[in-house]
file work.tsv (TSV, C-alpha atoms)
chain	number	residue	atom	x	y	z
A	7	GLY	CA	-8.49	-0.72	31.02
A	8	LEU	CA	-9.46	-4.25	30.10
A	9	LEU	CA	-8.64	-3.83	26.40
A	10	SER	CA	-5.15	-2.47	27.03
A	11	GLY	CA	-4.55	-5.35	29.46
A	12	ILE	CA	-5.59	-7.90	26.84
A	13	LEU	CA	-3.30	-6.33	24.23
A	14	ARG	CA	-0.33	-5.85	26.57
A	15	GLY	CA	-0.73	-9.43	27.76
A	16	ALA	CA	-0.33	-10.54	24.14
A	17	GLY	CA	2.90	-8.55	23.79
A	18	TYR	CA	1.59	-5.44	22.05
A	19	THR	CA	2.76	-1.94	22.95
A	20	VAL	CA	-0.29	0.11	23.85
A	21	ARG	CA	-0.69	3.91	24.03
A	22	MET	CA	-3.94	5.40	25.23
A	23	ALA	CA	-5.55	8.81	24.76
A	24	ASP	CA	-8.48	10.09	26.81
A	25	ASN	CA	-10.09	12.15	24.04
A	26	GLY	CA	-10.32	12.34	20.28
A	27	ARG	CA	-7.98	15.31	19.80
A	28	ARG	CA	-5.23	13.67	21.85
A	29	ALA	CA	-5.76	10.39	20.01
A	30	LEU	CA	-5.33	12.16	16.68
A	31	ALA	CA	-2.16	13.95	17.85
A	32	MET	CA	-0.75	10.73	19.29
A	33	VAL	CA	-1.34	8.77	16.09
A	34	GLU	CA	0.28	11.53	14.00
A	35	ALA	CA	3.32	11.59	16.32
A	36	LEU	CA	3.81	7.83	16.75
A	37	LEU	CA	2.44	6.40	13.47
A	38	PRO	CA	1.33	3.11	15.06
A	39	GLU	CA	0.68	-0.11	13.14
A	40	LEU	CA	-2.98	-0.14	14.24
A	41	VAL	CA	-5.46	2.23	15.89
A	42	MET	CA	-8.40	1.21	18.05
A	43	LEU	CA	-10.93	4.03	18.42
A	44	ASP	CA	-13.78	4.21	20.87
A	45	ILE	CA	-16.77	5.65	19.06
A	46	THR	CA	-17.77	7.73	22.09
A	47	MET	CA	-14.96	10.10	23.06
A	48	PRO	CA	-14.88	13.69	24.31
A	49	GLU	CA	-14.08	16.54	21.86
A	50	MET	CA	-14.10	14.34	18.73
A	51	ASP	CA	-15.88	11.02	18.38
A	52	GLY	CA	-14.16	7.99	16.86
A	53	TYR	CA	-15.75	8.57	13.46
A	54	GLU	CA	-14.34	12.12	13.27
A	55	VAL	CA	-10.88	10.96	14.36
A	56	CYS	CA	-10.96	8.20	11.74
A	57	ARG	CA	-12.04	10.63	9.01
A	58	GLU	CA	-9.12	12.91	9.93
A	59	LEU	CA	-6.65	10.02	9.91
A	60	LYS	CA	-7.83	8.81	6.52
A	61	ALA	CA	-7.60	12.34	5.06
A	62	ARG	CA	-3.87	12.63	5.87
A	63	ALA	CA	-1.26	10.96	3.69
A	64	ASP	CA	0.99	9.78	6.54
A	65	THR	CA	-1.84	8.16	8.53
A	66	ALA	CA	-4.31	7.15	5.78
A	67	ASP	CA	-3.11	3.54	5.57
A	68	ILE	CA	-3.12	2.78	9.31
A	69	PRO	CA	-5.89	0.23	9.98
A	70	VAL	CA	-8.59	1.46	12.38
A	71	ILE	CA	-10.71	-0.85	14.53
A	72	PHE	CA	-13.72	0.77	16.20
A	73	ILE	CA	-14.78	-0.01	19.76
A	74	SER	CA	-18.35	0.21	20.96
A	75	ALA	CA	-20.27	-0.82	24.05
A	76	LEU	CA	-23.25	-3.06	23.36
A	77	SER	CA	-25.43	-0.39	25.01
A	78	GLU	CA	-24.22	2.23	22.49
A	79	PRO	CA	-25.52	2.30	18.95
A	80	LEU	CA	-22.74	1.07	16.67
A	81	ASP	CA	-23.30	2.35	13.17
A	82	LYS	CA	-21.37	-0.38	11.35
A	83	VAL	CA	-21.93	1.14	7.92
A	84	LYS	CA	-20.66	4.51	9.15
A	85	ALA	CA	-17.64	2.79	10.75
A	86	PHE	CA	-16.66	1.23	7.42
A	87	LYS	CA	-17.50	4.34	5.35
A	88	THR	CA	-15.23	6.51	7.49
A	89	GLY	CA	-12.37	4.09	6.90
A	90	GLY	CA	-12.61	1.55	9.70
A	91	VAL	CA	-11.55	-2.00	8.91
A	92	ASP	CA	-13.31	-3.77	11.79
A	93	TYR	CA	-15.02	-3.24	15.13
A	94	VAL	CA	-15.20	-4.92	18.53
A	95	THR	CA	-17.90	-4.54	21.12
A	96	LYS	CA	-17.69	-4.28	24.90
A	97	PRO	CA	-17.64	-6.40	26.96
A	98	PHE	CA	-14.49	-7.70	25.28
A	99	ASP	CA	-13.81	-11.31	24.53
A	100	ALA	CA	-10.00	-11.52	24.71
A	101	ASP	CA	-9.65	-14.21	22.04
A	102	GLU	CA	-11.90	-12.31	19.61
A	103	VAL	CA	-10.07	-9.01	20.16
A	104	LEU	CA	-6.67	-10.64	19.64
A	105	ALA	CA	-7.88	-12.48	16.53
A	106	ARG	CA	-9.27	-9.28	15.00
A	107	VAL	CA	-6.14	-7.28	15.83
A	108	GLU	CA	-3.79	-9.96	14.48
A	109	THR	CA	-5.88	-10.35	11.31
A	110	GLN	CA	-5.76	-6.61	10.60
A	111	LEU	CA	-2.03	-6.41	11.32
A	112	ARG	CA	-1.40	-9.38	9.00
A	113	LEU	CA	-3.54	-7.84	6.24
A	114	ASP	CA	-1.73	-4.52	6.60
A	115	ARG	CA	1.68	-6.24	6.42
A	116	MET	CA	0.57	-8.02	3.23
A	117	ARG	CA	-0.74	-4.74	1.78
A	118	ARG	CA	2.59	-3.02	2.49
A	119	GLU	CA	4.44	-5.98	0.95
A	120	ILE	CA	2.32	-5.74	-2.21
A	121	VAL	CA	2.96	-1.98	-2.44
A	122	ALA	CA	6.72	-2.60	-2.10
A	123	LYS	CA	6.61	-5.38	-4.73
A	124	ASN	CA	4.66	-3.13	-7.12
A	125	ARG	CA	7.27	-0.38	-6.69
A	126	GLU	CA	10.01	-2.92	-7.42
A	127	LEU	CA	8.15	-4.17	-10.51
A	128	ALA	CA	7.75	-0.59	-11.75
A	129	ARG	CA	11.48	0.01	-11.22
A	130	LEU	CA	12.33	-3.20	-13.10
A	131	GLY	CA	9.93	-2.21	-15.90
A	132	GLU	CA	11.74	1.12	-16.27
A	133	LEU	CA	15.12	-0.67	-16.38
A	134	LYS	CA	13.80	-3.09	-19.01
A	135	ASN	CA	12.51	-0.21	-21.15
A	136	ARG	CA	15.85	1.60	-20.91
A	137	PHE	CA	17.70	-1.61	-21.84
A	138	ILE	CA	15.43	-2.21	-24.84
A	139	GLY	CA	15.93	1.40	-25.95
A	140	ILE	CA	19.71	1.06	-25.74
A	141	ALA	CA	19.67	-2.34	-27.48
A	142	ALA	CA	17.45	-1.02	-30.28
A	143	HIS	CA	19.76	1.95	-30.77
A	144	ASP	CA	22.85	-0.29	-30.75
A	145	LEU	CA	21.28	-2.63	-33.34
A	146	ARG	CA	20.08	0.25	-35.50
A	147	THR	CA	23.60	1.69	-35.94
A	148	PRO	CA	25.17	-1.29	-37.82
A	149	LEU	CA	21.96	-1.88	-39.77
A	150	THR	CA	22.00	1.74	-40.94
A	151	ALA	CA	25.54	1.23	-42.27
A	152	ILE	CA	24.58	-2.03	-44.04
A	153	ILE	CA	21.53	-0.41	-45.61
A	154	GLY	CA	23.63	2.59	-46.68
A	155	TYR	CA	26.30	0.42	-48.34
A	156	SER	CA	23.60	-1.70	-50.01
A	157	GLU	CA	22.01	1.41	-51.50
A	158	ILE	CA	25.40	2.64	-52.78
A	159	LEU	CA	26.06	-0.76	-54.42
A	160	LEU	CA	22.62	-0.72	-56.05
A	161	GLU	CA	23.17	2.83	-57.35
A	162	MET	CA	26.53	1.74	-58.79
A	163	GLY	CA	24.74	-1.06	-60.61
A	164	VAL	CA	26.63	-3.82	-58.89
A	165	ASP	CA	24.87	-7.09	-59.63
A	166	THR	CA	23.89	-9.04	-56.58
A	167	PRO	CA	24.15	-12.83	-56.50
A	168	GLY	CA	20.82	-14.63	-56.80
A	169	PRO	CA	19.82	-17.95	-55.27
A	170	ASP	CA	21.18	-19.97	-58.19
A	171	ARG	CA	24.39	-17.95	-58.73
A	172	ASP	CA	27.73	-18.23	-57.04
A	173	MET	CA	29.15	-15.29	-55.18
call {"tool": "encode", "arguments": {"input": "work.tsv", "output": "structure tokens"}}
result
Amino acid sequence: GLLSGILRGAGYTVRMADNGRRALAMVEALLPELVMLDITMPEMDGYEVCRELKARADTADIPVIFISALSEPLDKVKAFKTGGVDYVTKPFDADEVLARVETQLRLDRMRREIVAKNRELARLGELKNRFIGIAAHDLRTPLTAIIGYSEILLEMGVDTPGPDRDM
């Protein structure tokens, strides 16, 4: 179709399904970077497919753009509530479609980057905590000995030098 031609022309790999069940199976098998769902599809509509994708851990983060013909009622609120990130309407304007697709792909790349950075920060935080624990333990050991010897000297009545006395 026109949409797949626009996307292929821009260098994207496109896979198409002719009904909602096949679309769901295809997404689960291929784990694409982005899904474009027609609202009106046989067997399962786009909203149902999107709900299913968002309910599964391996597909929940894939951005979904809904497609609707101007003659069809596009429930924008429902599209966003089911997990869609954007929508395009037929007839397609190639520049608009490409801009929306690229924006969502860029946002998803940034989201994945942030998740990876957060994991790295958590790992570094754990390393820091382990290091501090080891350092505290290593400092505590000589201090314990010093405190112990000081207590023994005090019990023995050894006079300690004051600020105005020589050692």
call {"tool": "axis_aligned_box", "arguments": {"input": "work.tsv", "around": "segment 23-27 of chain A", "padding_each_side": "5 Å", "output": "AutoDock Vina command-line options"}}
result
--center_x -7.9 --center_y 12.1 --center_z 23.3 --size_x 14.8 --size_y 16.5 --size_z 17.0
call {"tool": "residues_around", "arguments": {"input": "work.tsv", "residues": "Pro48 of chain A", "least_positions_apart": "2", "cutoff": "8 Å", "atoms": "only C-alpha atoms", "output": "number ranges by chain"}}
result
A: 24-26, 46, 50-51
call {"tool": "atom_distance", "arguments": {"input": "work.tsv", "atom1": "atom CA of Tyr53 of chain A", "atom2": "atom CA of Gly89 of chain A"}}
result
8.6 Å
call {"tool": "closest_residue", "arguments": {"input": "work.tsv", "among": "A:Ala128, A:Ile73, A:Leu133, A:Val121", "to": "Pro97 of chain A", "atoms": "all atoms listed in the file"}}
result
A:Ile73
call {"tool": "residues_around", "arguments": {"input": "work.tsv", "residues": "Ala31 of chain A", "least_positions_apart": "6", "cutoff": "12 Å", "atoms": "all atoms listed in the file", "output": "PyMOL selection string"}}
result
chain A and resi 21-25+37-38+50+55+58-59+65
call {"tool": "write_last_selection", "arguments": {"input": "work.tsv", "atoms": "C-alpha atoms", "output": "short mmCIF file (atom, residue, chain, number, x, y, z; two decimals), keeping the file's coordinate frame"}}
result
data_model
loop_
_atom_site.label_atom_id
_atom_site.label_comp_id
_atom_site.auth_asym_id
_atom_site.auth_seq_id
_atom_site.Cartn_x
_atom_site.Cartn_y
_atom_site.Cartn_z
CA ARG A 21 -0.69 3.91 24.03
CA MET A 22 -3.94 5.40 25.23
CA ALA A 23 -5.55 8.81 24.76
CA ASP A 24 -8.48 10.09 26.81
CA ASN A 25 -10.09 12.15 24.04
CA LEU A 37 2.44 6.40 13.47
CA PRO A 38 1.33 3.11 15.06
CA MET A 50 -14.10 14.34 18.73
CA VAL A 55 -10.88 10.96 14.36
CA GLU A 58 -9.12 12.91 9.93
CA LEU A 59 -6.65 10.02 9.91
CA THR A 65 -1.84 8.16 8.53
#
call {"tool": "closest_residue", "arguments": {"input": "work.tsv", "among": "A:Ala16, A:Ala122, A:Ala29, A:Ala35", "to": "Glu49 of chain A", "atoms": "all atoms listed in the file"}}
result
A:Ala29
call {"tool": "closest_residue", "arguments": {"input": "work.tsv", "among": "A:Arg146, A:Ile71, A:Ile12, A:Lys84", "to": "Thr109 of chain A", "atoms": "only C-alpha atoms"}}
result
A:Ile71
call {"tool": "atom_distance", "arguments": {"input": "work.tsv", "atom1": "atom CA of Glu102 of chain A", "atom2": "atom CA of Met116 of chain A"}}
result
21.0 Å
call {"tool": "closest_residue", "arguments": {"input": "work.tsv", "among": "A:Val41, A:Ile140, A:Thr95, A:Met47", "to": "Ala66 of chain A", "atoms": "all atoms listed in the file"}}
result
A:Val41
call {"tool": "atom_distance", "arguments": {"input": "work.tsv", "atom1": "atom CA of Leu43 of chain A", "atom2": "atom CA of Ile120 of chain A"}}
result
26.4 Å
call {"tool": "closest_residue", "arguments": {"input": "work.tsv", "among": "A:Ala141, A:Val107, A:Leu30, A:Leu36", "to": "Lys60 of chain A", "atoms": "all atoms listed in the file"}}
result
A:Leu30
call {"tool": "closest_residue", "arguments": {"input": "work.tsv", "among": "A:Asp114, A:Glu132, A:Glu54, A:Asp67", "to": "Thr88 of chain A", "atoms": "all atoms listed in the file"}}
result
A:Glu54
call {"tool": "residues_around", "arguments": {"input": "work.tsv", "residues": "Asp81 of chain A", "least_positions_apart": "2", "cutoff": "12 Å", "atoms": "all atoms listed in the file", "output": "list in words"}}
result
Ile45, Thr46, Gly52, Tyr53, Phe72, Ile73, Ser74, Ala75, Leu76, Glu78, Pro79, Val83, Lys84, Ala85, Phe86, Lys87, Thr88, Gly90, Asp92, Tyr93 and Thr95 of chain A
call {"tool": "residues_around", "arguments": {"input": "work.tsv", "residues": "Tyr18 of chain A", "least_positions_apart": "6", "cutoff": "12 Å", "atoms": "only C-alpha atoms", "output": "list of chain:residue names"}}
result
A:Leu9, A:Ser10, A:Gly11, A:Ile12, A:Pro38, A:Glu39, A:Leu40, A:Leu104, A:Val107, A:Glu108, A:Leu111
